[in-house]
Amino acid sequence: MDSQQLEIVQTVEAMFKAAPGAHFLSEFTAFVNNGGSIKDLANILAQTDVFKQSLYSDALSDHAFATQFVENTVGALVSIENKAWAVSAIEAMMAEGQSRGDVIHWAAMALAAVDTADIHWGAAAQQFNHKVEVASFYSIDQGG
């Protein structure tokens with residue numbers, strides 16, 4: 001797996017809490033190889049019915065979206081104070097004009113980069129990175 005595929009899997013895991021699978025990973029990789037960015041991909045995926053109907057309705061306010069996304073991503077592994085910080089950061093990014101896809105991509109890259117020994121975010125990073133490993137194994141090694 002190359003770094004581009006890893007970033008795609010990280011983004012899809014953060015967006016859908018699922019592996020992309022071999023077919024979609026191949027399509028997403030081709031999209032990026034043909035000039036799109038992974039952030040562009042995240043923005044396209046954020047417009048799909050699966051994303052809107054299953055996870056994050058367009059009817060959610062920025063605050064409700066940010067709160068739901070943070071809770072879905074880190075759950076009880078992060079303190080209420082740190083989750084509130086993340087919600088505020090996401091809301092601020094969206095107030096500056098960034099989209100849901102943009103902030104999810106940002107959050108996925110940020111969480112993946114956290115040292116697992118970090119007392120505030122380490123457990124969440126470890127869980128996220130484990131999910132990404134499983135998604136990568138399924139999508140690449142098993143061709144699922």
# chains A, B, ... in the order shown; residues from 1 in each chain; ligands from 1

$ select_by_dssp --residues "segment 6-105 of chain A" --states "alpha helix (DSSP H)" --output "ChimeraX atom specification"
/A:6-16,21-33,38-45,49,62-74,80-95,100-105

$ residues_around --residues "segment 87-90 of chain A" --least-positions-apart "2" --cutoff "8 Å" --atoms "only C-alpha atoms" --output "JSON list (two decimals) with N, CA, C and O atoms, in the first residue's frame"
[["chain", "number", "residue", "atom", "x", "y", "z"],
["A", 63, "HIS", "N", -22.74, 22.96, 14.04],
["A", 63, "HIS", "CA", -22.44, 22.49, 15.40],
["A", 63, "HIS", "C", -22.90, 21.04, 15.58],
["A", 63, "HIS", "O", -22.16, 20.21, 16.12],
["A", 66, "ALA", "N", -20.57, 18.75, 13.57],
["A", 66, "ALA", "CA", -19.26, 18.63, 14.22],
["A", 66, "ALA", "C", -19.35, 17.76, 15.47],
["A", 66, "ALA", "O", -18.50, 16.89, 15.69],
["A", 67, "THR", "N", -20.38, 17.96, 16.26],
["A", 67, "THR", "CA", -20.56, 17.17, 17.49],
["A", 67, "THR", "C", -20.76, 15.70, 17.16],
["A", 67, "THR", "O", -20.13, 14.83, 17.76],
["A", 70, "VAL", "N", -17.43, 14.16, 15.70],
["A", 70, "VAL", "CA", -16.42, 13.94, 16.75],
["A", 70, "VAL", "C", -16.83, 12.75, 17.61],
["A", 70, "VAL", "O", -16.01, 11.88, 17.91],
["A", 83, "LYS", "N", -13.07, 16.82, 23.26],
["A", 83, "LYS", "CA", -14.08, 16.72, 22.20],
["A", 83, "LYS", "C", -14.67, 18.10, 21.92],
["A", 83, "LYS", "O", -14.89, 18.45, 20.76],
["A", 84, "ALA", "N", -14.90, 18.90, 22.96],
["A", 84, "ALA", "CA", -15.43, 20.25, 22.77],
["A", 84, "ALA", "C", -14.45, 21.10, 21.96],
["A", 84, "ALA", "O", -14.86, 21.88, 21.09],
["A", 85, "TRP", "N", -13.16, 20.93, 22.23],
["A", 85, "TRP", "CA", -12.14, 21.65, 21.44],
["A", 85, "TRP", "C", -12.24, 21.25, 19.97],
["A", 85, "TRP", "O", -12.21, 22.11, 19.07],
["A", 92, "ALA", "N", -15.17, 26.27, 13.45],
["A", 92, "ALA", "CA", -14.41, 27.44, 12.98],
["A", 92, "ALA", "C", -13.98, 27.23, 11.53],
["A", 92, "ALA", "O", -14.05, 28.16, 10.71],
["A", 93, "MET", "N", -13.53, 26.02, 11.20],
["A", 93, "MET", "CA", -13.12, 25.73, 9.82],
["A", 93, "MET", "C", -14.31, 25.87, 8.87],
["A", 93, "MET", "O", -14.18, 26.43, 7.77],
["A", 94, "MET", "N", -15.46, 25.40, 9.30],
["A", 94, "MET", "CA", -16.65, 25.48, 8.45],
["A", 94, "MET", "C", -17.12, 26.93, 8.33],
["A", 94, "MET", "O", -17.56, 27.35, 7.26],
["A", 103, "VAL", "N", -13.24, 19.13, 6.32],
["A", 103, "VAL", "CA", -12.93, 18.97, 7.74],
["A", 103, "VAL", "C", -12.78, 17.50, 8.13],
["A", 103, "VAL", "O", -11.98, 17.18, 9.00]]

$ closest_atom_pairs --of "segment 33-76 of chain A" --to "segment 107-125 of chain A" --cutoff "12 Å" --atoms "only C-alpha atoms" --output "CSV"
residue,atom,partner,partner_atom,distance
A:Ile38,CA,A:Met109,CA,11.0
A:Lys39,CA,A:Met109,CA,10.8
A:Ala42,CA,A:Ala108,CA,10.8
A:Ala66,CA,A:Ala107,CA,10.7
A:Phe69,CA,A:Ala107,CA,9.7
A:Val70,CA,A:Ala107,CA,9.0
A:Glu71,CA,A:Ala124,CA,10.9
A:Asn72,CA,A:Ala124,CA,11.0
A:Thr73,CA,A:Ala124,CA,8.0
A:Val74,CA,A:Ala124,CA,5.4
A:Gly75,CA,A:Ala124,CA,8.2
A:Ala76,CA,A:Ala124,CA,8.7

$ closest_residue --among "A:Phe51, A:Phe65, A:Trp106, A:Phe24" --to "Val9 of chain A" --atoms "only C-alpha atoms"
A:Phe24

$ residues_around --residues "Leu55 of chain A" --least-positions-apart "6" --cutoff "9 Å" --atoms "only C-alpha atoms" --output "list in words"
Met15, Phe16, Gln68 and Phe69 of chain A

$ write_last_selection --atoms "N, CA, C and O atoms" --output "mmCIF file, in the first residue's frame"
data_model
loop_
_atom_site.group_PDB
_atom_site.id
_atom_site.type_symbol
_atom_site.label_atom_id
_atom_site.label_comp_id
_atom_site.auth_asym_id
_atom_site.auth_seq_id
_atom_site.Cartn_x
_atom_site.Cartn_y
_atom_site.Cartn_z
ATOM 1 N N MET A 15 -14.978 8.956 7.229
ATOM 2 C CA MET A 15 -16.266 9.398 6.699
ATOM 3 C C MET A 15 -17.379 8.387 6.928
ATOM 4 O O MET A 15 -18.499 8.773 7.260
ATOM 5 N N PHE A 16 -17.058 7.105 6.733
ATOM 6 C CA PHE A 16 -18.105 6.090 6.703
ATOM 7 C C PHE A 16 -17.978 5.009 7.777
ATOM 8 O O PHE A 16 -18.834 4.131 7.858
ATOM 9 N N GLN A 68 -21.622 15.421 16.200
ATOM 10 C CA GLN A 68 -21.899 14.035 15.810
ATOM 11 C C GLN A 68 -20.660 13.382 15.214
ATOM 12 O O GLN A 68 -20.337 12.231 15.535
ATOM 13 N N PHE A 69 -19.940 14.098 14.355
ATOM 14 C CA PHE A 69 -18.740 13.546 13.741
ATOM 15 C C PHE A 69 -17.678 13.238 14.802
ATOM 16 O O PHE A 69 -17.091 12.151 14.794
#

$ closest_residue --among "A:Gln98, A:Gln5, A:Ala14, A:Glu81" --to "Ala30 of chain A" --atoms "only C-alpha atoms"
A:Gln5

$ atom_distance --atom1 "atom CA of Phe137 of chain A" --atom2 "atom CA of Gln4 of chain A"
15.2 Å

$ closest_residue --among "A:Ser61, A:Tyr138, A:Leu41, A:Ile80" --to "Glu27 of chain A" --atoms "only C-alpha atoms"
A:Leu41

$ closest_residue --among "A:Ser136, A:Arg100, A:Ser26, A:Ala86" --to "Ser57 of chain A" --atoms "only C-alpha atoms"
A:Arg100

$ residues_around --residues "Gly143 of chain A" --least-positions-apart "3" --cutoff "7 Å" --atoms "only C-alpha atoms" --output "number ranges by chain"
A: 21-22, 138-140

$ atom_distance --atom1 "atom CA of Asp62 of chain A" --atom2 "atom CA of Glu13 of chain A"
20.7 Å

$ atom_distance --atom1 "atom CA of Leu45 of chain A" --atom2 "atom CA of Ala64 of chain A"
19.3 Å
